[in-house]
Amino acid sequence: MQAVILVGGKGTRLRPITYHIPKALVPLRNEPFMSYMVKFLRSGGLDGAVLSMGYLPDPIQAYFAKRKDLDDFKIDYAVEDHPLGTAGGIKNAEKYLKGDPLVVVNGDVLSGLDLKEAIRTHQESGAFATITLTSVEDPTAYGLVEVDHEMLVHRFIEKPAYDEITTNLINAGVYVLEPGVLDMIPKGREVSIEREIFPRLQEQGKLRAYVSSAYWRDIGTPRSYLAASHDALSGAVGADENFEYLSVDDSTEVGKNVKILPPVSVAAGCRIGHRATIGGRSSLGYGCRIGEGAVVEGSILLDGAEVEAGAVVRGSIIGPGARVGQRAIVRGLSVLGAECVIGEGNILDQGIRVNPGVVLSPRSLSF
């Protein structure tokens, strides 16, 4: 069985990081997200995938070209010349498919779903299409999916108000489809599987659901990306004990849930993901530099990022090659693009986003 991975989107909610890095390659625990996706599909017994691509396809193809462990997992690429939407992207991958049932996965979903069980349930039910569902605490932020006692999808409710909530089940972004679903998708134009194809299948009584209580997170926003990073570092998903630690002097505190991709330079007196800090788990990419007395907590530093002496980075994402100047503070879900510079003494808070290459002048502050 093959999969289609939908990675054609621009990742606009994660900008400015995704101006240079496709969302499919943002790192979790210093491992590109696509690595987790391949592991997930292999866990379901799949033998290959077609990547339905549009935005920044070259870095994704380059990543897979370097992988030497995929001889038993075939990768093909279907690149759009214009946006085709989720269903259009599946249709665009059709020439690489074998005419068998297939799995479709949104390319920004981190899941602990038992994929083998979902496929087995689909096959045993005789469903034409199966949509996986998961429950959430705040249903108002999502489109909801109602099901009946036989797991037939009853209706879709788009981002309801509190008094309209009848379920807390949402689309988990993993589908098992019979090949006939492809015949329902027009070729060459933008088509949404969520808004056009699934409602038609539901009306025809051909859409079933598989409900999972396993780990699930959409990594498409700074908040959810940071949360996924924390979960990966803590072992809640994609458990891996091969954490790497720095050799540092006694004045530097490095928490137990810190992932570091050497070589990294950490000066004396730093605090990095200190274990006493709630949400303090951090990852530092290749070539990062942390200056004397700096603090990095609950954050992601991509390759080559620099945090100068006395600076503080909390709960934020620092893009590749970006620099946080001395005594500057970056916190509160702020996101720095590639190669930008935050001058000495600046304070960035409340989700501030700085585009790639921007330089903020030093600011005089009293500490």
# chains A, B, ... in the order shown; residues from 1 in each chain; ligands from 1
>>> residues_around(residues="Glu158 of chain A", least_positions_apart="3", cutoff="8 Å", atoms="only C-alpha atoms", output="PyMOL selection string")
chain A and resi 142-144
>>> select_by_dssp(residues="segment 54-218 of chain A", states="strand (DSSP E or B)", output="PyMOL selection string")
chain A and resi 74-79+102-106+109-111+129-135+144-147+152-157+169-177+207-211+216-218
>>> residues_around(residues="segment 145-150 of chain A", least_positions_apart="2", cutoff="9 Å", atoms="only C-alpha atoms", output="list in words")
Leu133, Gly143, Leu152, Val153, His154, Arg155, Phe156, Ile157, Glu158, Thr166, Thr167, Asn168, Leu169, Ile170, Asn171, Arg208 and Ala209 of chain A
>>> write_last_selection(atoms="C-alpha atoms", output="CSV table (one decimal), in the first residue's frame")
chain,number,residue,atom,x,y,z
A,133,LEU,CA,-10.8,11.6,14.0
A,143,GLY,CA,-14.3,22.0,12.2
A,152,LEU,CA,-20.8,6.6,9.6
A,153,VAL,CA,-20.0,10.3,9.3
A,154,HIS,CA,-23.3,12.1,10.0
A,155,ARG,CA,-22.3,15.8,9.3
A,156,PHE,CA,-19.5,18.4,9.4
A,157,ILE,CA,-19.7,21.5,11.6
A,158,GLU,CA,-17.3,24.3,10.6
A,166,THR,CA,-22.3,18.6,19.7
A,167,THR,CA,-19.0,16.7,19.6
A,168,ASN,CA,-15.3,17.3,20.3
A,169,LEU,CA,-14.1,15.1,17.4
A,170,ILE,CA,-12.1,16.7,14.6
A,171,ASN,CA,-10.4,15.6,11.4
A,208,ARG,CA,-16.8,6.2,7.8
A,209,ALA,CA,-14.7,7.3,10.7
>>> closest_residue(among="A:Leu102, A:Leu28, A:Leu113, A:Ala328", to="Leu284 of chain A", atoms="only C-alpha atoms")
A:Leu28
>>> residues_around(residues="segment 86-95 of chain A", least_positions_apart="3", cutoff="6 Å", atoms="only C-alpha atoms", output="list in words")
Ser52, Ala78, Glu190, Val191, Ser192 and Ile193 of chain A
>>> residues_around(residues="Tyr63 of chain A", least_positions_apart="2", cutoff="12 Å", atoms="only C-alpha atoms", output="VMD selection string")
chain A and resid 21 to 22 24 to 26 31 to 35 57 to 61 65 to 68 70 75
>>> atom_distance(atom1="atom CA of Asp303 of chain A", atom2="atom CA of Tyr19 of chain A")
15.2 Å
>>> closest_residue(among="A:Ile17, A:Ile300, A:Leu41, A:Val50", to="Val330 of chain A", atoms="only C-alpha atoms")
A:Ile300
>>> residues_around(residues="segment 45-49 of chain A", least_positions_apart="5", cutoff="7 Å", atoms="only C-alpha atoms", output="list in words")
Met1, Gln2, Ala3, Val4, Ile5, Asp72, Phe73, Lys74, Ile75, Asp76 and Lys116 of chain A
>>> write_last_selection(atoms="C-alpha atoms", output="PDB file, in the first residue's frame")
ATOM      1  CA  MET A   1       0.000   0.000   0.000  1.00  0.00           C
ATOM      2  CA  GLN A   2       1.152   3.535  -0.804  1.00  0.00           C
ATOM      3  CA  ALA A   3       0.583   6.895   0.821  1.00  0.00           C
ATOM      4  CA  VAL A   4       0.132  10.382  -0.559  1.00  0.00           C
ATOM      5  CA  ILE A   5       1.695  13.027   1.692  1.00  0.00           C
ATOM      6  CA  ASP A  72      12.404  -0.624   0.960  1.00  0.00           C
ATOM      7  CA  PHE A  73      10.315   2.547   0.955  1.00  0.00           C
ATOM      8  CA  LYS A  74       9.902   4.122  -2.484  1.00  0.00           C
ATOM      9  CA  ILE A  75       9.520   7.887  -2.720  1.00  0.00           C
ATOM     10  CA  ASP A  76       7.969   9.618  -5.744  1.00  0.00           C
ATOM     11  CA  LYS A 116      -2.189  -0.577  10.892  1.00  0.00           C
TER      12      LYS A 116
END
>>> select_by_dssp(residues="segment 125-343 of chain A", states="alpha helix (DSSP H)", output="ChimeraX atom specification")
/A:125,198-203,222-234
>>> write_last_selection(atoms="N, CA and C atoms", output="PDB file, in the first residue's frame")
ATOM      1  N   SER A 125     -14.641  -2.800   7.444  1.00  0.00           N
ATOM      2  CA  SER A 125     -15.932  -2.113   7.385  1.00  0.00           C
ATOM      3  C   SER A 125     -16.490  -2.047   5.973  1.00  0.00           C
ATOM      4  N   PHE A 198     -15.346  15.047   0.747  1.00  0.00           N
ATOM      5  CA  PHE A 198     -15.904  14.373   1.921  1.00  0.00           C
ATOM      6  C   PHE A 198     -17.399  14.656   2.111  1.00  0.00           C
ATOM      7  N   PRO A 199     -17.882  15.900   1.943  1.00  0.00           N
ATOM      8  CA  PRO A 199     -19.339  16.106   2.067  1.00  0.00           C
ATOM      9  C   PRO A 199     -20.145  15.286   1.063  1.00  0.00           C
ATOM     10  N   ARG A 200     -19.643  15.122  -0.158  1.00  0.00           N
ATOM     11  CA  ARG A 200     -20.336  14.287  -1.140  1.00  0.00           C
ATOM     12  C   ARG A 200     -20.368  12.827  -0.690  1.00  0.00           C
ATOM     13  N   LEU A 201     -19.243  12.350  -0.196  1.00  0.00           N
ATOM     14  CA  LEU A 201     -19.196  10.967   0.293  1.00  0.00           C
ATOM     15  C   LEU A 201     -20.125  10.775   1.483  1.00  0.00           C
ATOM     16  N   GLN A 202     -20.175  11.793   2.356  1.00  0.00           N
ATOM     17  CA  GLN A 202     -21.060  11.705   3.524  1.00  0.00           C
ATOM     18  C   GLN A 202     -22.522  11.636   3.096  1.00  0.00           C
ATOM     19  N   GLU A 203     -22.891  12.465   2.135  1.00  0.00           N
ATOM     20  CA  GLU A 203     -24.275  12.451   1.637  1.00  0.00           C
ATOM     21  C   GLU A 203     -24.639  11.101   1.018  1.00  0.00           C
ATOM     22  N   PRO A 222       3.222  28.590  15.365  1.00  0.00           N
ATOM     23  CA  PRO A 222       4.329  28.647  16.324  1.00  0.00           C
ATOM     24  C   PRO A 222       4.008  27.970  17.648  1.00  0.00           C
ATOM     25  N   ARG A 223       2.803  28.184  18.162  1.00  0.00           N
ATOM     26  CA  ARG A 223       2.443  27.572  19.446  1.00  0.00           C
ATOM     27  C   ARG A 223       2.439  26.046  19.345  1.00  0.00           C
ATOM     28  N   SER A 224       1.796  25.510  18.304  1.00  0.00           N
ATOM     29  CA  SER A 224       1.712  24.056  18.187  1.00  0.00           C
ATOM     30  C   SER A 224       3.057  23.443  17.811  1.00  0.00           C
ATOM     31  N   TYR A 225       3.858  24.168  17.050  1.00  0.00           N
ATOM     32  CA  TYR A 225       5.196  23.679  16.701  1.00  0.00           C
ATOM     33  C   TYR A 225       6.072  23.573  17.942  1.00  0.00           C
ATOM     34  N   LEU A 226       6.037  24.617  18.779  1.00  0.00           N
ATOM     35  CA  LEU A 226       6.804  24.561  20.023  1.00  0.00           C
ATOM     36  C   LEU A 226       6.299  23.433  20.932  1.00  0.00           C
ATOM     37  N   ALA A 227       4.982  23.278  21.001  1.00  0.00           N
ATOM     38  CA  ALA A 227       4.427  22.212  21.831  1.00  0.00           C
ATOM     39  C   ALA A 227       4.856  20.846  21.320  1.00  0.00           C
ATOM     40  N   ALA A 228       4.848  20.666  19.997  1.00  0.00           N
ATOM     41  CA  ALA A 228       5.296  19.396  19.431  1.00  0.00           C
ATOM     42  C   ALA A 228       6.770  19.155  19.733  1.00  0.00           C
ATOM     43  N   SER A 229       7.566  20.218  19.671  1.00  0.00           N
ATOM     44  CA  SER A 229       8.982  20.092  20.002  1.00  0.00           C
ATOM     45  C   SER A 229       9.162  19.658  21.456  1.00  0.00           C
ATOM     46  N   HIS A 230       8.414  20.288  22.352  1.00  0.00           N
ATOM     47  CA  HIS A 230       8.496  19.902  23.766  1.00  0.00           C
ATOM     48  C   HIS A 230       8.098  18.441  23.954  1.00  0.00           C
ATOM     49  N   ASP A 231       7.036  18.028  23.260  1.00  0.00           N
ATOM     50  CA  ASP A 231       6.569  16.645  23.394  1.00  0.00           C
ATOM     51  C   ASP A 231       7.602  15.651  22.861  1.00  0.00           C
ATOM     52  N   ALA A 232       8.220  15.991  21.734  1.00  0.00           N
ATOM     53  CA  ALA A 232       9.239  15.108  21.176  1.00  0.00           C
ATOM     54  C   ALA A 232      10.446  15.013  22.100  1.00  0.00           C
ATOM     55  N   LEU A 233      10.835  16.146  22.691  1.00  0.00           N
ATOM     56  CA  LEU A 233      11.990  16.147  23.587  1.00  0.00           C
ATOM     57  C   LEU A 233      11.714  15.373  24.869  1.00  0.00           C
ATOM     58  N   SER A 234      10.471  15.382  25.316  1.00  0.00           N
ATOM     59  CA  SER A 234      10.130  14.677  26.557  1.00  0.00           C
ATOM     60  C   SER A 234       9.879  13.195  26.329  1.00  0.00           C
TER      61      SER A 234
END
>>> closest_residue(among="A:Leu301, A:Val341, A:Leu207, A:Val264", to="Arg281 of chain A", atoms="only C-alpha atoms")
A:Leu301
>>> atom_distance(atom1="atom CA of Leu6 of chain A", atom2="atom CA of Gly85 of chain A")
9.2 Å
>>> atom_distance(atom1="atom CA of Pro139 of chain A", atom2="atom CA of Thr121 of chain A")
25.4 Å
>>> decode(residues="segment 148-170 of chain A", atoms="C-alpha atoms", output="CSV table (one decimal), in the first residue's frame")
chain,number,residue,atom,x,y,z
A,148,ASP,CA,-23.3,7.8,14.4
A,149,HIS,CA,-23.2,4.5,16.4
A,150,GLU,CA,-22.0,2.6,13.3
A,151,MET,CA,-19.1,5.2,12.7
A,152,LEU,CA,-20.8,6.6,9.6
A,153,VAL,CA,-20.0,10.3,9.3
A,154,HIS,CA,-23.3,12.1,10.0
A,155,ARG,CA,-22.3,15.8,9.3
A,156,PHE,CA,-19.5,18.4,9.4
A,157,ILE,CA,-19.7,21.5,11.6
A,158,GLU,CA,-17.3,24.3,10.6
A,159,LYS,CA,-15.8,26.1,13.7
A,160,PRO,CA,-18.9,26.2,15.8
A,161,ALA,CA,-19.8,28.6,18.6
A,162,TYR,CA,-20.0,27.1,22.1
A,163,ASP,CA,-23.8,26.7,21.9
A,164,GLU,CA,-23.3,24.8,18.6
A,165,ILE,CA,-20.9,22.1,19.9
A,166,THR,CA,-22.3,18.6,19.7
A,167,THR,CA,-19.0,16.7,19.6
A,168,ASN,CA,-15.3,17.3,20.3
A,169,LEU,CA,-14.1,15.1,17.4
A,170,ILE,CA,-12.1,16.7,14.6
